[in-house]
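Here is start.csv, consisting of CSV, C-alpha atoms:
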```
chain,number,residue,atom,x,y,z
A,1,MET,CA,-9.3,-5.9,7.8
A,2,GLY,CA,-8.9,-9.4,9.3
A,3,TYR,CA,-11.9,-11.5,10.2
A,4,ARG,CA,-10.3,-12.8,13.4
A,5,ILE,CA,-9.5,-9.3,14.5
A,6,VAL,CA,-13.1,-8.4,15.1
A,7,SER,CA,-15.0,-11.7,15.2
A,8,ALA,CA,-14.9,-12.1,18.9
A,9,PHE,CA,-16.1,-8.7,19.9
A,10,VAL,CA,-18.1,-6.7,17.3
A,11,LEU,CA,-21.5,-7.7,18.6
A,12,LEU,CA,-20.6,-6.7,22.1
A,13,VAL,CA,-19.0,-3.5,20.9
A,14,LEU,CA,-22.2,-2.4,19.3
A,15,ALA,CA,-24.0,-3.0,22.6
A,16,ALA,CA,-21.4,-1.2,24.7
A,17,ALA,CA,-20.6,1.6,22.3
A,18,CYS,CA,-24.3,2.3,20.5
A,19,GLY,CA,3.0,7.4,22.8
A,20,ALA,CA,4.3,3.9,23.3
A,21,PRO,CA,3.8,2.1,19.9
A,22,PRO,CA,2.0,-1.2,19.6
A,23,ALA,CA,4.0,-4.4,20.1
A,24,GLU,CA,6.4,-5.0,17.3
A,25,THR,CA,7.0,-8.1,15.2
A,26,PRO,CA,10.0,-10.1,16.5
A,27,PRO,CA,13.0,-9.5,14.2
A,28,PRO,CA,13.4,-12.2,11.5
A,29,ALA,CA,16.2,-14.7,11.7
A,30,THR,CA,19.4,-13.5,10.0
A,31,THR,CA,19.6,-14.7,6.4
A,32,PRO,CA,22.3,-14.5,3.8
A,33,ALA,CA,22.3,-11.3,1.8
A,34,ALA,CA,21.3,-13.1,-1.3
A,35,THR,CA,18.2,-14.5,0.3
A,36,PRO,CA,15.2,-12.2,0.4
A,37,ALA,CA,13.3,-11.7,3.7
A,38,PRO,CA,10.0,-13.5,4.0
A,39,ALA,CA,7.0,-11.5,2.6
A,40,THR,CA,5.0,-11.9,5.8
A,41,PRO,CA,6.0,-12.2,9.5
A,42,VAL,CA,6.6,-15.7,10.7
A,43,GLY,CA,4.4,-15.7,13.8
A,44,PRO,CA,1.9,-13.5,15.6
A,45,VAL,CA,3.0,-10.3,17.4
A,46,THR,CA,2.4,-10.0,21.1
A,47,PRO,CA,-0.5,-7.6,21.7
A,48,PRO,CA,-0.2,-4.9,24.3
A,49,SER,CA,-1.1,-6.1,27.8
A,50,THR,CA,-1.6,-3.0,30.0
A,51,ASP,CA,-4.6,-0.7,29.7
A,52,GLU,CA,-2.3,2.2,29.0
A,53,ASP,CA,-0.5,0.4,26.2
A,54,LYS,CA,-3.8,-0.8,24.8
A,55,ILE,CA,-5.1,2.7,24.7
A,56,ARG,CA,-2.0,4.0,22.9
A,57,SER,CA,-2.1,1.1,20.5
A,58,ALA,CA,-5.8,1.7,19.6
A,59,MET,CA,-5.3,5.4,19.2
A,60,SER,CA,-2.4,4.8,16.8
A,61,ALA,CA,-4.9,3.3,14.3
A,62,GLY,CA,-6.5,6.6,13.3
A,63,PRO,CA,-5.6,10.2,12.8
A,64,GLU,CA,-5.2,12.1,16.0
A,65,ALA,CA,-8.3,14.3,15.2
A,66,VAL,CA,-10.3,11.0,15.2
A,67,SER,CA,-8.7,8.9,17.8
A,68,LYS,CA,-8.3,11.5,20.5
A,69,ASP,CA,-12.0,11.6,21.1
A,70,ALA,CA,-12.8,8.0,20.2
A,71,THR,CA,-14.0,5.3,22.5
A,72,VAL,CA,-11.3,2.7,23.2
A,73,MET,CA,-12.3,-0.8,24.0
A,74,ASP,CA,-10.4,-3.9,25.1
A,75,MET,CA,-11.3,-6.5,22.5
A,76,ALA,CA,-10.5,-9.4,24.9
A,77,THR,CA,-12.6,-8.2,27.9
A,78,MET,CA,-15.0,-5.7,26.2
A,79,LYS,CA,-14.0,-3.2,28.9
A,80,VAL,CA,-14.2,0.4,27.9
A,81,LEU,CA,-10.7,1.8,28.4
A,82,LYS,CA,-11.5,5.3,27.4
A,83,GLN,CA,-15.0,6.7,26.8
A,84,GLY,CA,-15.3,8.7,23.6
A,85,THR,CA,-17.5,11.5,22.4
A,86,ASN,CA,-17.2,11.5,18.6
A,87,GLY,CA,-18.9,8.2,17.5
A,88,TRP,CA,-15.7,6.4,16.6
A,89,THR,CA,-14.4,3.3,18.3
A,90,CYS,CA,-10.8,2.2,18.3
A,91,PHE,CA,-9.4,-1.2,19.1
A,92,ALA,CA,-5.8,-2.1,20.1
A,93,ASP,CA,-3.6,-4.5,18.2
A,94,GLY,CA,-4.6,-8.2,18.6
A,95,PRO,CA,-2.8,-11.4,17.9
A,96,SER,CA,-2.1,-11.8,14.2
A,97,PRO,CA,1.0,-11.9,12.0
A,98,GLY,CA,1.1,-8.1,11.8
A,99,VAL,CA,0.4,-5.0,13.9
A,100,ASP,CA,-3.2,-4.0,13.1
A,101,PRO,CA,-5.1,-1.8,15.5
A,102,MET,CA,-8.3,-0.3,14.0
A,103,CYS,CA,-10.7,2.6,14.3
A,104,LEU,CA,-14.3,2.5,12.9
A,105,ASP,CA,-17.0,5.0,12.7
A,106,GLN,CA,-20.5,4.1,13.8
A,107,ASN,CA,-21.6,3.0,10.3
A,108,GLY,CA,-18.4,1.0,10.1
A,109,LEU,CA,-19.3,-0.9,13.3
A,110,GLU,CA,-22.7,-1.7,11.9
A,111,TRP,CA,-21.1,-3.0,8.7
A,112,ALA,CA,-18.7,-5.1,10.8
A,113,ASN,CA,-21.5,-6.5,12.8
A,114,ALA,CA,-23.3,-7.6,9.6
A,115,TRP,CA,-20.1,-9.2,8.4
A,116,MET,CA,-19.6,-11.1,11.6
A,117,SER,CA,-23.2,-12.2,11.7
A,118,LYS,CA,-23.0,-13.2,8.0
A,119,LYS,CA,-25.9,-10.8,7.2
A,120,ASP,CA,-26.2,-8.2,4.5
A,121,PRO,CA,-24.8,-4.8,5.6
A,122,PRO,CA,-27.3,-2.0,6.1
A,123,LYS,CA,-28.1,-0.3,2.9
A,124,GLY,CA,-27.1,3.3,2.3
A,125,LYS,CA,-24.7,3.4,5.3
A,126,LEU,CA,-21.2,3.9,3.9
A,127,GLY,CA,-18.6,3.5,6.7
A,128,ILE,CA,-15.0,4.6,7.2
A,129,GLY,CA,-12.2,2.8,9.0
A,130,TYR,CA,-8.6,3.5,9.7
A,131,MET,CA,-5.7,1.1,10.1
A,132,LEU,CA,-2.8,3.5,10.1
A,133,MET,CA,-0.4,0.9,11.5
A,134,GLY,CA,-1.2,-1.5,8.6
A,135,GLY,CA,-2.9,-4.9,8.7
A,136,SER,CA,-2.7,-8.6,7.9
A,137,ASP,CA,-5.5,-10.6,6.3
A,138,ALA,CA,-5.8,-14.3,5.6
A,139,SER,CA,-7.5,-13.7,2.2
A,140,ASN,CA,-8.5,-10.9,-0.1
A,141,THR,CA,-11.5,-12.9,-1.4
A,142,ASP,CA,-12.9,-15.0,1.5
A,143,PRO,CA,-14.4,-12.7,4.1
A,144,PHE,CA,-14.4,-15.5,6.7
A,145,ALA,CA,-10.9,-17.0,6.2
A,146,THR,CA,-8.9,-17.1,9.5
A,147,THR,CA,-5.7,-18.5,7.8
A,148,PRO,CA,-4.4,-18.4,4.3
A,149,ALA,CA,-5.3,-21.2,1.8
A,150,PRO,CA,-2.7,-23.9,1.6
A,151,SER,CA,-1.1,-22.3,-1.4
A,152,GLY,CA,-1.7,-18.7,-0.2
A,153,THR,CA,0.0,-16.2,2.0
A,154,TRP,CA,-1.1,-13.4,4.4
A,155,VAL,CA,-2.1,-10.2,2.6
A,156,ASP,CA,-0.1,-7.5,4.3
A,157,THR,CA,-1.2,-4.0,3.7
A,158,GLY,CA,0.6,-0.9,5.0
A,159,PRO,CA,-1.1,2.1,6.6
A,160,HIS,CA,-4.5,2.5,5.0
A,161,MET,CA,-8.0,3.7,5.4
A,162,MET,CA,-11.1,1.7,4.3
A,163,VAL,CA,-14.3,2.7,2.6
A,164,LEU,CA,-16.8,0.1,3.9
A,165,ASN,CA,-20.2,-1.0,2.5
A,166,ILE,CA,-19.5,0.1,-1.1
A,167,GLY,CA,-21.6,-2.6,-2.7
A,168,ASN,CA,-20.5,-3.0,-6.3
A,169,SER,CA,-19.5,0.6,-6.7
A,170,PHE,CA,-15.8,-0.1,-7.4
A,171,ALA,CA,-15.5,-0.3,-11.1
A,172,GLY,CA,-12.0,0.4,-12.3
A,173,TYR,CA,-10.3,-0.6,-9.0
A,174,PRO,CA,-8.2,-3.8,-8.8
A,175,THR,CA,-9.9,-6.7,-7.2
A,176,THR,CA,-6.7,-8.5,-6.3
A,177,ALA,CA,-4.1,-7.7,-3.6
A,178,ASP,CA,-1.2,-8.1,-6.0
A,179,ASN,CA,-0.1,-4.5,-5.3
A,180,THR,CA,-1.2,-3.2,-1.9
A,181,LYS,CA,0.5,0.1,-2.5
A,182,VAL,CA,-2.4,1.2,-4.6
A,183,PRO,CA,-6.1,1.3,-3.8
A,184,TYR,CA,-7.8,-2.1,-4.3
A,185,VAL,CA,-11.0,-3.9,-3.4
A,186,MET,CA,-11.0,-6.5,-0.6
A,187,PHE,CA,-13.7,-9.2,-0.6
A,188,PRO,CA,-14.9,-8.3,-4.2
A,189,GLY,CA,-18.1,-10.0,-5.3
A,190,THR,CA,-19.4,-10.3,-1.7
A,191,PRO,CA,-21.7,-8.1,0.4
A,192,TYR,CA,-18.6,-7.1,2.4
A,193,ALA,CA,-16.6,-5.6,-0.5
A,194,HIS,CA,-14.6,-2.6,0.7
A,195,LEU,CA,-12.0,-0.3,-0.7
A,196,MET,CA,-8.5,-0.4,0.8
A,197,ILE,CA,-6.8,3.0,0.3
A,198,PRO,CA,-3.1,3.2,1.2
A,199,VAL,CA,-2.2,6.5,2.9
A,200,LYS,CA,1.6,6.3,2.8
```

Go ahead and render the structure in this file as structure tokens.
Amino acid sequence: MGYRIVSAFVLLVLAAACGAPPAETPPPATTPAATPAPATPVGPVTPPSTDEDKIRSAMSAGPEAVSKDATVMDMATMKVLKQGTNGWTCFADGPSPGVDPMCLDQNGLEWANAWMSKKDPPKGKLGIGYMLMGGSDASNTDPFATTPAPSGTWVDTGPHMMVLNIGNSFAGYPTTADNTKVPYVMFPGTPYAHLMIPVK
């Protein structure tokens, strides 16, 4: 879950809330067969621009049983695009190297609010999030990184769900993103540690 995906809007979301696929990454330049493709996209994708496309993008982040009754909000304007009834909130893809819409339950929004406020998450409130279109993160260890370290690369994770606010209850899981095809911990050793669980 990328810091810059939610940093501009989570506080307002809590106040406001408490198909056509998302835009695709431009195709990479043609390279010789012997040269592997870059591990991460070269530049940010173009986010959806119409309300209709934003709703479809946001709803693609979660299972249909979750997203069909979720509130959908425009992260740029904080406009409610679709009022929900099930306590979940979904956000359309935003500008980042990958396609990464997201759905969070109510506890997940509280956790994200604490993260953005640099406060401790509420105790005893485990949250769930979905990013079924995948996601791109600047760091697996720095919760507030907006770009990779000079020697680092974007952490690209395929379709996944997140178990948020797990504290230090992740013994036995990898704490690096060396293999994002298996469950691993993001932001280990911080109050914002969460378990990333691939679903495909």

Do you know which residues lie at most 10 Å from (-10.3, -4.2, -2.2), with coordinates as in the file and only C-alpha atoms counted, and could you write them as a list in words?
->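 In the file's frame, the residues around the point are Asn140, Thr141, Met162, Val163, Leu164, Phe170, Tyr173, Pro174, Thr175, Thr176, Ala177, Thr180, Val182, Pro183, Tyr184, Val185, Met186, Phe187, Pro188, Tyr192, Ala193, His194, Leu195, Met196 and Ile197 of chain A.
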
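Taking CA of Asn113 (chain A) and CA of Thr153 (chain A) as endpoints, the distance between them is 25.9 Å.
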
Enter the distance from CA of Ala61 (chain A) to CA of Thr147 (chain A), in Å, rounded to one decimal.
->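 For CA of Ala61 (chain A) relative to CA of Thr147 (chain A), the distance reads 22.8 Å.
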
Name the residues in contact with region 49-56 of chain A at a cut-off of 12 Å, using all atoms listed in the file, excluding same-chain residues fewer than 4 positions from it; report them as a PyMOL selection string.
-> chain A and resi 19-23+45+60-62+64+67-77+79-84+89-95+101-103+133

For Trp154 (chain A), list every protein, DNA or RNA residue within 7 Å, evaluated using all atoms listed in the file, and leave out those in the same chain fewer than 5 positions away; present the list as a PDB file with C-alpha atoms, in the frame of the given file.
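Output (selection.pdb):
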```pdb
ATOM      1  CA  THR A  40       5.000 -11.900   5.800  1.00  0.00           C
ATOM      2  CA  SER A 136      -2.700  -8.600   7.900  1.00  0.00           C
ATOM      3  CA  ASP A 137      -5.500 -10.600   6.300  1.00  0.00           C
ATOM      4  CA  ALA A 138      -5.800 -14.300   5.600  1.00  0.00           C
ATOM      5  CA  SER A 139      -7.500 -13.700   2.200  1.00  0.00           C
ATOM      6  CA  PRO A 148      -4.400 -18.400   4.300  1.00  0.00           C
TER       7      PRO A 148
END
```
